[in-house]
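Enquirer: For reference, this is run-v9.csv, and it has CSV, C-alpha atoms.
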chain,number,residue,atom,x,y,z
A,24,MET,CA,20.7,-79.3,32.7
A,25,GLU,CA,18.6,-79.0,29.6
A,26,THR,CA,17.3,-75.8,28.2
A,27,THR,CA,13.7,-75.5,27.2
A,28,ALA,CA,13.5,-72.7,24.6
A,29,SER,CA,17.1,-71.7,24.5
A,30,PRO,CA,18.0,-68.3,22.9
A,31,SER,CA,21.6,-67.6,22.4
A,32,ASN,CA,23.2,-67.0,25.8
A,33,PRO,CA,20.1,-66.4,28.0
A,34,VAL,CA,22.2,-65.2,31.0
A,35,LEU,CA,23.6,-62.3,29.0
A,36,ARG,CA,20.3,-61.5,27.3
A,37,THR,CA,18.4,-61.5,30.6
A,38,ALA,CA,21.0,-59.5,32.4
A,39,LEU,CA,21.1,-56.9,29.6
A,40,LEU,CA,17.4,-56.5,29.5
A,41,CYS,CA,17.0,-56.2,33.3
A,42,GLY,CA,20.1,-54.1,33.8
A,43,VAL,CA,19.1,-51.6,31.1
A,44,VAL,CA,15.6,-51.3,32.5
A,45,ALA,CA,17.0,-50.7,36.0
A,46,GLY,CA,19.5,-48.1,34.8
A,47,ALA,CA,16.8,-46.3,32.8
A,48,LEU,CA,14.6,-46.2,35.9
A,49,CYS,CA,17.4,-44.7,37.9
A,50,ILE,CA,18.0,-42.0,35.3
A,51,GLY,CA,14.2,-41.4,35.0
A,52,TRP,CA,14.0,-41.0,38.8
A,53,VAL,CA,16.7,-38.3,38.7
A,54,LEU,CA,15.0,-36.5,35.9
A,55,PHE,CA,11.6,-36.8,37.7
A,56,LEU,CA,13.1,-35.2,40.8
A,57,TYR,CA,14.6,-32.4,38.7
A,58,LEU,CA,11.4,-31.7,36.8
A,59,THR,CA,9.3,-31.6,39.9
A,60,GLY,CA,11.5,-29.1,41.6
A,61,ASN,CA,13.2,-31.5,44.0
A,62,ASN,CA,16.9,-31.7,44.6
A,63,PRO,CA,18.1,-34.4,42.1
A,64,TYR,CA,21.3,-34.9,44.1
A,65,GLY,CA,19.7,-35.0,47.5
A,66,PRO,CA,18.5,-37.8,49.8
A,67,LYS,CA,15.4,-38.5,47.6
A,68,ARG,CA,17.8,-39.7,44.9
A,69,THR,CA,18.8,-42.7,47.1
A,70,LEU,CA,15.3,-44.2,46.6
A,71,SER,CA,16.6,-45.3,43.2
A,72,ASP,CA,19.3,-47.4,44.9
A,73,PHE,CA,16.8,-50.2,45.2
A,74,PHE,CA,16.2,-50.5,41.4
A,75,PRO,CA,19.3,-52.6,40.5
A,76,PRO,CA,18.9,-55.1,43.4
A,77,ILE,CA,15.2,-55.6,42.5
A,78,ALA,CA,16.2,-56.0,38.8
A,79,ALA,CA,18.8,-58.6,39.8
A,80,ILE,CA,16.2,-60.7,41.6
A,81,VAL,CA,13.8,-60.3,38.6
A,82,SER,CA,16.6,-61.4,36.2
A,83,GLN,CA,17.3,-64.4,38.4
A,84,ILE,CA,13.6,-65.3,38.3
A,85,LEU,CA,13.3,-64.7,34.6
A,86,LEU,CA,16.4,-66.9,33.9
A,87,ARG,CA,14.7,-69.9,35.5
A,88,ARG,CA,12.3,-70.1,32.6
A,89,TYR,CA,15.1,-71.1,30.2
A,90,TYR,CA,16.2,-74.1,32.3
A,91,THR,CA,14.0,-77.1,33.3
A,92,ASP,CA,16.2,-78.0,36.3
A,93,GLY,CA,17.1,-74.5,37.2
A,94,PRO,CA,20.0,-72.4,35.9
A,95,GLY,CA,22.5,-73.6,38.6
A,96,LEU,CA,24.4,-71.5,41.1
A,97,GLY,CA,26.9,-69.9,38.8
A,98,LYS,CA,24.4,-68.7,36.2
A,99,ALA,CA,21.9,-67.6,38.9
A,100,VAL,CA,24.5,-65.5,40.8
A,101,GLY,CA,26.1,-64.4,37.5
A,102,VAL,CA,23.0,-63.0,36.0
A,103,GLY,CA,22.2,-61.1,39.2
A,104,LEU,CA,25.7,-59.6,39.4
A,105,LEU,CA,25.8,-58.8,35.7
A,106,THR,CA,22.4,-57.1,36.0
A,107,THR,CA,23.6,-55.1,39.0
A,108,LEU,CA,26.7,-54.1,37.1
A,109,LEU,CA,24.9,-53.0,34.0
A,110,GLY,CA,22.2,-51.1,36.0
A,111,ALA,CA,24.8,-49.3,38.2
A,112,LEU,CA,26.9,-48.4,35.2
A,113,LEU,CA,24.0,-47.0,33.3
A,114,ALA,CA,22.7,-45.1,36.4
A,115,ALA,CA,26.1,-43.6,37.1
A,116,THR,CA,26.6,-42.6,33.5
A,117,GLY,CA,23.2,-41.0,33.4
A,118,LEU,CA,23.8,-39.1,36.6
A,119,TYR,CA,27.2,-37.9,35.3
A,120,LEU,CA,25.8,-36.7,32.1
A,121,PHE,CA,22.9,-35.0,33.9
A,122,ALA,CA,25.3,-33.3,36.3
A,123,ARG,CA,27.5,-32.1,33.4
A,124,THR,CA,24.6,-30.7,31.4
A,125,ALA,CA,22.4,-29.3,34.1
A,126,ASP,CA,23.0,-25.9,35.7
A,127,ALA,CA,26.0,-25.9,38.0
A,128,ARG,CA,24.0,-23.9,40.5
A,129,LEU,CA,22.1,-27.1,41.3
A,130,ILE,CA,25.2,-28.7,42.7
A,131,GLU,CA,25.9,-25.5,44.7
A,132,GLN,CA,22.4,-25.5,46.0
A,133,HIS,CA,22.7,-29.2,47.0
A,134,LEU,CA,26.0,-28.5,48.8
A,135,ALA,CA,24.4,-25.7,50.7
A,136,GLU,CA,21.4,-27.9,51.7
A,137,ALA,CA,23.8,-30.7,52.7
A,138,ARG,CA,26.0,-28.4,54.8
A,139,GLN,CA,22.9,-27.1,56.6
A,140,LEU,CA,21.7,-30.6,57.4
A,141,LEU,CA,25.1,-31.4,58.7
A,142,GLU,CA,25.2,-28.3,60.8
A,143,ASN,CA,21.8,-29.2,62.3
A,144,ALA,CA,23.2,-32.7,63.2
A,145,LYS,CA,26.5,-31.4,64.5
A,146,SER,CA,25.5,-31.9,68.2
A,147,LEU,CA,24.8,-35.5,67.4
A,148,TYR,CA,28.3,-35.9,65.9
A,149,LEU,CA,30.0,-34.1,68.8
A,150,ALA,CA,28.3,-36.4,71.4
A,151,GLN,CA,30.4,-39.3,70.1
A,152,SER,CA,33.9,-39.9,71.1
A,153,ASN,CA,35.5,-39.1,67.8
A,154,GLY,CA,32.6,-37.0,66.5
A,155,ARG,CA,34.5,-33.9,65.5
A,156,GLN,CA,36.6,-36.0,63.1
A,157,GLN,CA,33.6,-37.8,61.7
A,158,PHE,CA,31.8,-34.5,61.2
A,159,GLU,CA,34.7,-32.9,59.4
A,160,ALA,CA,35.3,-36.0,57.3
A,161,THR,CA,31.6,-36.1,56.3
A,162,LEU,CA,31.7,-32.4,55.4
A,163,ARG,CA,34.9,-32.8,53.4
A,164,ASN,CA,33.6,-35.9,51.6
A,165,LEU,CA,30.4,-34.4,50.2
A,166,ALA,CA,30.2,-35.0,46.4
A,167,HIS,CA,30.8,-31.7,44.6
A,168,THR,CA,31.7,-32.7,41.0
A,169,PRO,CA,29.8,-34.8,38.4
A,170,GLN,CA,32.5,-37.4,38.7
A,171,ALA,CA,32.0,-37.7,42.5
A,172,PHE,CA,28.2,-38.0,42.1
A,173,ALA,CA,28.7,-40.7,39.5
A,174,GLN,CA,31.1,-42.6,41.6
A,175,ASP,CA,28.8,-42.4,44.6
A,176,GLU,CA,25.9,-43.6,42.5
A,177,PHE,CA,27.8,-46.5,41.1
A,178,LEU,CA,29.2,-47.6,44.4
A,179,LYS,CA,25.9,-47.5,46.3
A,180,LYS,CA,24.1,-49.4,43.6
A,181,MET,CA,26.8,-52.0,43.3
A,182,LEU,CA,27.1,-52.6,47.0
A,183,LEU,CA,23.4,-53.1,47.5
A,184,GLY,CA,23.1,-55.1,44.3
A,185,ILE,CA,25.8,-57.5,45.3
A,186,LEU,CA,24.4,-57.9,48.8
A,187,ILE,CA,21.0,-58.9,47.3
A,188,SER,CA,22.0,-60.8,44.2
A,189,ILE,CA,24.3,-63.4,45.8
A,190,PRO,CA,21.7,-64.7,48.3
A,191,GLY,CA,19.0,-64.3,45.6
A,192,GLY,CA,21.1,-66.5,43.2
A,193,ILE,CA,21.6,-69.1,45.9
A,194,PHE,CA,17.9,-69.3,46.6
A,195,LEU,CA,16.8,-69.1,42.9
A,196,ARG,CA,19.3,-71.6,41.5
A,197,LYS,CA,16.8,-74.4,41.2
As structure tokens - that is how I would like this structure written.

Expert:
Amino acid sequence: METTASPSNPVLRTALLCGVVAGALCIGWVLFLYLTGNNPYGPKRTLSDFFPPIAAIVSQILLRRYYTDGPGLGKAVGVGLLTTLLGALLAATGLYLFARTADARLIEQHLAEARQLLENAKSLYLAQSNGRQQFEATLRNLAHTPQAFAQDEFLKKMLLGILISIPGGIFLRK
């Protein structure tokens, strides 16, 4: 594999660029929700879960321009995974810092809304064989600290990013 216009370490540079952009978009989405009066911790926040996987695919496409015969499987998958990791880390850090600096009443307000939604869906839980345990576990596992929100943000973005970047790297290796 020969490189065309080879900057130093195109995998790292491409992953850094796309990962930072994806993380910044995730932070921007949370701030947009907050500034528009929406719940920045609620279900609308999950729309930003798609930014890191999309950035991973974009990074795999951009990496192809540095190699005439394609980057190969390792580099294509690697740039996608690294992009996902960087985007998820930046998004989780941003949400953690937002949760630490924003009014604590926002978290309480979110928890009240989440509990109300769960109470409204309680009959659906109870219709299942182990529904009571699932309902109680869901209620107990609601994120209620900045650390829990950051962990949730990181895990969701990483999971979706890994699920997308591995097949994307396989298809975009040549």

Enquirer: With a distance cut-off of 9 Å and all atoms listed in the file, select the neighbouring residues of Leu113 (chain A), excluding the residue or stretch itself and same-chain residues fewer than 2 positions from it, and output the selection as a list in words.

Expert: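 Contacts, with the query itself left out: Gly42, Val43, Ala45, Gly46, Ala47, Cys49, Ile50, Leu108, Leu109, Gly110, Ala111, Ala115, Thr116, Gly117, Leu118 and Phe177 of chain A.
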
Enquirer: Pick out the closest residue to Leu182 (chain A) from this set: A:Asn164, A:Gln83, A:Asp72, A:His133. Count all atoms listed in the file.

Expert: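 Looking at the shortest contact to Leu182 (chain A), the residue is A:Asp72.
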
Enquirer: For region 37-40 of chain A, find every residue with an atom within 9 Å (counting all atoms listed in the file), except residues of its own chain fewer than 2 positions away, and show them as an mmCIF file with C-alpha atoms, keeping the file's coordinate frame.

Expert:
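New file selection27.cif:
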data_model
loop_
_atom_site.group_PDB
_atom_site.id
_atom_site.type_symbol
_atom_site.label_atom_id
_atom_site.label_comp_id
_atom_site.auth_asym_id
_atom_site.auth_seq_id
_atom_site.Cartn_x
_atom_site.Cartn_y
_atom_site.Cartn_z
ATOM 1 C CA ASN A 32 23.200 -67.000 25.800
ATOM 2 C CA PRO A 33 20.100 -66.400 28.000
ATOM 3 C CA VAL A 34 22.200 -65.200 31.000
ATOM 4 C CA LEU A 35 23.600 -62.300 29.000
ATOM 5 C CA GLY A 42 20.100 -54.100 33.800
ATOM 6 C CA VAL A 43 19.100 -51.600 31.100
ATOM 7 C CA VAL A 44 15.600 -51.300 32.500
ATOM 8 C CA ALA A 45 17.000 -50.700 36.000
ATOM 9 C CA ALA A 78 16.200 -56.000 38.800
ATOM 10 C CA ALA A 79 18.800 -58.600 39.800
ATOM 11 C CA SER A 82 16.600 -61.400 36.200
ATOM 12 C CA GLN A 83 17.300 -64.400 38.400
ATOM 13 C CA LEU A 85 13.300 -64.700 34.600
ATOM 14 C CA LEU A 86 16.400 -66.900 33.900
ATOM 15 C CA GLY A 101 26.100 -64.400 37.500
ATOM 16 C CA VAL A 102 23.000 -63.000 36.000
ATOM 17 C CA GLY A 103 22.200 -61.100 39.200
ATOM 18 C CA LEU A 104 25.700 -59.600 39.400
ATOM 19 C CA LEU A 105 25.800 -58.800 35.700
ATOM 20 C CA THR A 106 22.400 -57.100 36.000
ATOM 21 C CA THR A 107 23.600 -55.100 39.000
ATOM 22 C CA LEU A 109 24.900 -53.000 34.000
ATOM 23 C CA GLY A 110 22.200 -51.100 36.000
#

Enquirer: Provide the CA of Leu183 (chain A) to CA of Thr69 (chain A) distance in Å, to one decimal place.

Expert: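 Going from CA of Leu183 (chain A) over to CA of Thr69 (chain A), I get 11.4 Å.
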
Enquirer: Env of Gly65 (chain A): 9 Å cut, atoms = all atoms listed in the file, seq-sep filter 2 positions within chain, self excluded. Answer as a compact mmCIF listing (two decimals) with C-alpha atoms, keeping the file's coordinate frame.

Expert:
# COMPACT_ATOMS: atom_id res chain seq x y z
CA ASN A 61 13.20 -31.50 44.00
CA ASN A 62 16.90 -31.70 44.60
CA PRO A 63 18.10 -34.40 42.10
CA LYS A 67 15.40 -38.50 47.60
CA ARG A 68 17.80 -39.70 44.90
CA THR A 69 18.80 -42.70 47.10
CA HIS A 133 22.70 -29.20 47.00
CA GLU A 136 21.40 -27.90 51.70
CA ALA A 137 23.80 -30.70 52.70

Enquirer: So the first atom is CA of Leu162 (chain A) and the second is CA of Phe74 (chain A); what is the distance between them in Å, to one decimal place?

Expert: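 Separating CA of Leu162 (chain A) from CA of Phe74 (chain A) is a distance of 27.6 Å.
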
Enquirer: Using CA of Pro76 (chain A) and CA of Ser188 (chain A) as the two end points, give the distance in Å to one decimal.

Expert: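 Here the two named atoms are 6.5 Å from each other.
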
Enquirer: Could you check the closest approach to Arg138 (chain A) for each of A:Trp52, A:Phe158, A:Tyr57, A:Tyr119 and tell me which residue wins, using only C-alpha atoms?

Expert: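 Closest candidate: A:Phe158.
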
Enquirer: Do a neighbour search on region 93-98 of chain A at 6 Å with all atoms listed in the file, toss out local chain neighbours closer than 4 positions, and write the hits as a ChimeraX atom specification.

Expert: /A:87,102,196-197

Enquirer: Kindly save the residues from that selection, with C-alpha atoms included, as an mmCIF file, in the frame of the given file.

Expert:
data_model
loop_
_atom_site.group_PDB
_atom_site.id
_atom_site.type_symbol
_atom_site.label_atom_id
_atom_site.label_comp_id
_atom_site.auth_asym_id
_atom_site.auth_seq_id
_atom_site.Cartn_x
_atom_site.Cartn_y
_atom_site.Cartn_z
ATOM 1 C CA ARG A 87 14.700 -69.900 35.500
ATOM 2 C CA VAL A 102 23.000 -63.000 36.000
ATOM 3 C CA ARG A 196 19.300 -71.600 41.500
ATOM 4 C CA LYS A 197 16.800 -74.400 41.200
#

Enquirer: So which residues touch Thr168 (chain A) within 10 Å, counting all atoms listed in the file, skipping near sequence neighbours fewer than 6 positions away, as a list in words?

Expert: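 Neighbouring residues, sequence-local ones excluded: Tyr119, Ala122, Arg123, Ala127, Ile130, Glu131 and Gln174 of chain A.
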
Enquirer: Which one of A:Gln157, A:Ala99, A:Phe55, A:Ala150 sits closest to Ile80 (chain A) if you count all atoms listed in the file?

Expert: A:Ala99
